[in-house]
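Take a look at the structure below.
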Amino acid sequence: MTDEVWTTVERYITDTLVRPDAALDAALAASDAAGLPAINVSPNQGKLLQMLALMLGAKRILEIGTLGGYSTIWMARALPPGGRLVTLETDRKHADLARRNIDAAGVGALVDIELGPALDTLPKLAARSREPFDLIFIDADKTSTVPYFEWALKLSRAGSLIVVDNVVRKGAVTDPQSSDKDVQGMRRFYDRLVNEPRVTATAIQTVGTKGYDGFAIALVKA
Ligand code: SAH
Ligand code: DHB
Ligand code: MG
């Protein structure tokens with residue numbers, strides 16, 4: 001099995017099951033034109049995030065790591081009128097382009113972009129948040145996944161879902177000697193996750209246009 005067949009199958013799945021969306025395509029085209037890295041979620045993963053939000057009846061969504069707003073738009077499209085998505089991004093260029101992409105997609109009124117390192121914006125968000133988030137998507141710098149997960153727990157309720165991207169890293173995650181800081185960050189996250197009694201969790205490997213990676217999901221029980 002090669003990247004080529006993964007890519008072909010992802011295109012088949014996407015062309016067959018994922019309805020084309022001009023705003024999502026435009027967001028990717030604008031991100032590419034602006035030189036942003038193509039590290040957004042794939043279309044079929046974006047649709048999964050959207051479906052999870054729909055299953056949860058999510059009214060409040062938190063995202064850590066906005067990039068050009070591609071995953072943001074997928075999830076915001078699941079919100080009811082009056083719903084809210086807060087997305088955290090440290091890079092001003094990414095945040096500015098995301099703002100334009102999200103507004104052009106017609107979901108701008110539902111989305112707040114908080115500029116700054118997430119470990120600075122999360123305490124401020126917690127201080128002013130009155131209601132918990134129903135869905136939290138962690139997809140920023142991998143070294144801080146454990147602190148992001150701690151904040152996600154603080155900002156959630158029983159029944160909230162926490163999704164964490166990039167938990168496999170081409171399989172490197174199984175290497176305890178890895179010199180890759182991102183891999184070490186993810187290994188610390190697995191250790192933290194298995195020792196957290198308030199959640200039940202699993203992880204799924206993925207292949208496709210984004211290579212070989214995976215995501216974890218943690219359901220908050222209490
Ligand atoms: N969720 C996006 C992809 C995010 S890529 C999508 O699927 O479409 C990761 C993003 O996290 C990048 O834009 C990067 O600038 C941002 N990031 C990195 N470190 C961060 C930090 N400390 N705080 C907030 N955002 C950060
Ligand atoms: C990288 C980050 C991501 O969020 C992702 O989905 C893929 C790659 C990266 O930093 O390389
Ligand atoms: Mg990612």
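By convention in this document, the chains of the structure tokens carry letters A, B, ... by their order, each chain's residues are numbered from 1, and ligands are numbered from 1 in the order they are shown.
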
Q.
Just want the residues within 9 Å of ligand 2, written as a count of residues only, counting only C-alpha atoms and all ligand atoms.
A. 21

How close does range 78-186 of chain A get to range 15-35 of chain A? List, as CSV, each residue of range 78-186 of chain A within 10 Å, its nearest atom pair and the distance in Å to one decimal, counting only C-alpha atoms.
residue,atom,partner,partner_atom,distance
A:Lys93,CA,A:Ala34,CA,8.9
A:His94,CA,A:Ser31,CA,8.4
A:Leu97,CA,A:Ser31,CA,7.3
A:Ala98,CA,A:Ala27,CA,7.9
A:Arg100,CA,A:Ala27,CA,8.6
A:Asn101,CA,A:Ala27,CA,5.2
A:Ile102,CA,A:Ala27,CA,7.9
A:Asp103,CA,A:Ala23,CA,9.6
A:Ala104,CA,A:Ala23,CA,6.8
A:Ala105,CA,A:Ala23,CA,4.9
A:Gly106,CA,A:Ala23,CA,8.5

In terms of only C-alpha atoms and all ligand atoms, the residue from A:Thr14, A:Thr145, A:Gln177, A:Thr72 at minimal distance from ligand 1 is A:Thr72

> So which residues touch Ile136 in chain A within 8 Å, counting only C-alpha atoms, skipping near sequence neighbours fewer than 3 positions away, as a PyMOL selection string?
Replying inline: chain A and resi 61-64+133+152+160-163

Practice problem: Just list the residues in range 44-201 of chain A DSSP gives alpha helix (DSSP H) on the backbone, as a VMD selection string. | Solution: chain A and resid 44 to 56 70 to 76 92 to 104 118 to 128 145 to 154 181 to 194

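Of the listed residues A:Trp151, A:Tyr190, A:Arg157, A:Lys181, the one whose atoms come nearest to Lys124 in chain A is A:Trp151, with distances taken using only C-alpha atoms.
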
**Item:** Point-to-point distance in Å for CA of Pro43 in chain A and CA of Tyr148 in chain A
**Value:**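 A separation of 24.3 Å between them.
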
Just list the residues in range 29-165 of chain A DSSP gives strand (DSSP E or B) on the backbone, as number ranges by chain.
A: 60-64, 84-89, 111-115, 135-138, 161-165

With C-alpha atoms retained, could you export that selection as a compact mmCIF listing (two decimals), in the first residue's frame?
# COMPACT_ATOMS: atom_id res chain seq x y z
CA ARG A 60 -20.20 26.08 21.46
CA ILE A 61 -17.03 24.85 19.75
CA LEU A 62 -13.39 25.61 20.61
CA GLU A 63 -10.53 25.13 18.16
CA ILE A 64 -6.84 25.48 19.00
CA ARG A 84 -20.35 30.17 18.74
CA LEU A 85 -16.97 28.90 17.59
CA VAL A 86 -13.83 30.32 19.19
CA THR A 87 -10.58 29.55 17.37
CA LEU A 88 -7.08 30.34 18.67
CA GLU A 89 -4.17 31.24 16.39
CA VAL A 111 -16.69 32.73 14.74
CA ASP A 112 -14.28 34.58 17.05
CA ILE A 113 -10.57 34.36 16.21
CA GLU A 114 -8.33 35.02 19.23
CA LEU A 115 -4.83 36.09 18.18
CA LEU A 135 -16.63 20.15 21.10
CA ILE A 136 -12.94 21.04 21.35
CA PHE A 137 -10.53 20.45 18.46
CA ILE A 138 -6.83 20.57 19.38
CA LEU A 161 -15.89 15.69 23.08
CA ILE A 162 -12.19 16.53 22.73
CA VAL A 163 -10.59 15.70 19.35
CA VAL A 164 -6.80 15.83 18.98
CA ASP A 165 -5.16 15.81 15.54

* Using only C-alpha atoms, which residues sit within 12 Å of Gly171 in chain A once same-chain residues fewer than 2 positions away are excluded, as a list in words? ->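 Close residues of Gly171 in chain A: Asn166, Val167, Val168, Arg169, Val173, Thr174, Asp175, Pro176, Ser178, Val183, Met186, Arg187, Ile204, Gln205, Thr206, Val207, Gly211, Tyr212, Asp213 and Gly214 of chain A.
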
Residue with the minimum atom-to-atom distance to ligand 3, picked from A:Thr202, A:Thr2, A:Ser71, A:Gln50 with only C-alpha atoms and all ligand atoms counted, is A:Ser71

Please provide the set of residues having any atom within 8 Å of Ala126 in chain A, restricted to only C-alpha atoms, with same-chain residues fewer than 3 positions apart removed, written as a JSON list (two decimals) with N, CA and C atoms, in the first residue's frame.
[["chain", "number", "residue", "atom", "x", "y", "z"],
["A", 122, "LEU", "N", -5.94, 31.09, 26.25],
["A", 122, "LEU", "CA", -6.83, 30.15, 26.95],
["A", 122, "LEU", "C", -7.21, 30.62, 28.36],
["A", 123, "PRO", "N", -6.24, 31.10, 29.19],
["A", 123, "PRO", "CA", -6.66, 31.59, 30.51],
["A", 123, "PRO", "C", -7.65, 32.75, 30.44],
["A", 129, "SER", "N", -15.45, 32.88, 30.03],
["A", 129, "SER", "CA", -16.43, 31.90, 29.53],
["A", 129, "SER", "C", -17.41, 31.53, 30.63],
["A", 154, "LYS", "N", -10.89, 21.73, 31.50],
["A", 154, "LYS", "CA", -11.44, 22.83, 32.31],
["A", 154, "LYS", "C", -12.63, 23.49, 31.64],
["A", 155, "LEU", "N", -12.57, 23.52, 30.30],
["A", 155, "LEU", "CA", -13.59, 24.27, 29.55],
["A", 155, "LEU", "C", -14.72, 23.37, 29.04]]

Near-Thr7 in chain A list (7 Å; only C-alpha atoms; drop same-chain fewer than 4 positions) as number ranges by chain: A: 3, 11, 208-209

Item to complete: Write out as a PyMOL selection string the residues lying within 10 Å of Pro80 in chain A, counting only C-alpha atoms and excluding same-chain residues fewer than 4 positions away.
Response: chain A and resi 54+57-60+76+84+110

Just to be explicit: take each residue in the selection above, keep N, CA and C atoms, and write the result as a PDB file, in the first residue's frame.
ATOM      1  N   LEU A  54     -22.572  17.933  14.870  1.00  0.00           N
ATOM      2  CA  LEU A  54     -24.024  17.725  14.706  1.00  0.00           C
ATOM      3  C   LEU A  54     -24.537  16.673  15.688  1.00  0.00           C
ATOM      4  N   GLY A  57     -24.974  18.034  18.975  1.00  0.00           N
ATOM      5  CA  GLY A  57     -25.835  19.212  19.041  1.00  0.00           C
ATOM      6  C   GLY A  57     -25.041  20.419  19.528  1.00  0.00           C
ATOM      7  N   ALA A  58     -23.783  20.500  19.078  1.00  0.00           N
ATOM      8  CA  ALA A  58     -22.864  21.506  19.628  1.00  0.00           C
ATOM      9  C   ALA A  58     -23.361  22.924  19.366  1.00  0.00           C
ATOM     10  N   LYS A  59     -23.369  23.709  20.423  1.00  0.00           N
ATOM     11  CA  LYS A  59     -23.685  25.141  20.316  1.00  0.00           C
ATOM     12  C   LYS A  59     -22.436  25.980  20.528  1.00  0.00           C
ATOM     13  N   ARG A  60     -21.467  25.378  21.204  1.00  0.00           N
ATOM     14  CA  ARG A  60     -20.196  26.076  21.464  1.00  0.00           C
ATOM     15  C   ARG A  60     -19.039  25.144  21.105  1.00  0.00           C
ATOM     16  N   ALA A  76     -18.015  25.245  11.885  1.00  0.00           N
ATOM     17  CA  ALA A  76     -18.972  26.359  12.056  1.00  0.00           C
ATOM     18  C   ALA A  76     -20.260  26.082  11.293  1.00  0.00           C
ATOM     19  N   ARG A  84     -21.614  29.438  18.674  1.00  0.00           N
ATOM     20  CA  ARG A  84     -20.349  30.172  18.742  1.00  0.00           C
ATOM     21  C   ARG A  84     -19.183  29.231  18.534  1.00  0.00           C
ATOM     22  N   LEU A 110     -20.514  33.814  13.446  1.00  0.00           N
ATOM     23  CA  LEU A 110     -20.498  32.756  14.467  1.00  0.00           C
ATOM     24  C   LEU A 110     -19.105  32.513  15.041  1.00  0.00           C
TER      25      LEU A 110
END

Pairwise distance, CA of Leu49 in chain A with CA of Ala78 in chain A, equals 9.1 Å

Which is closest to Leu79 in chain A among A:Ser156, A:Phe149, A:Ile217, A:Gly108, if we use only C-alpha atoms?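 When distances to Leu79 in chain A are compared using only C-alpha atoms, the smallest one comes from A:Gly108.
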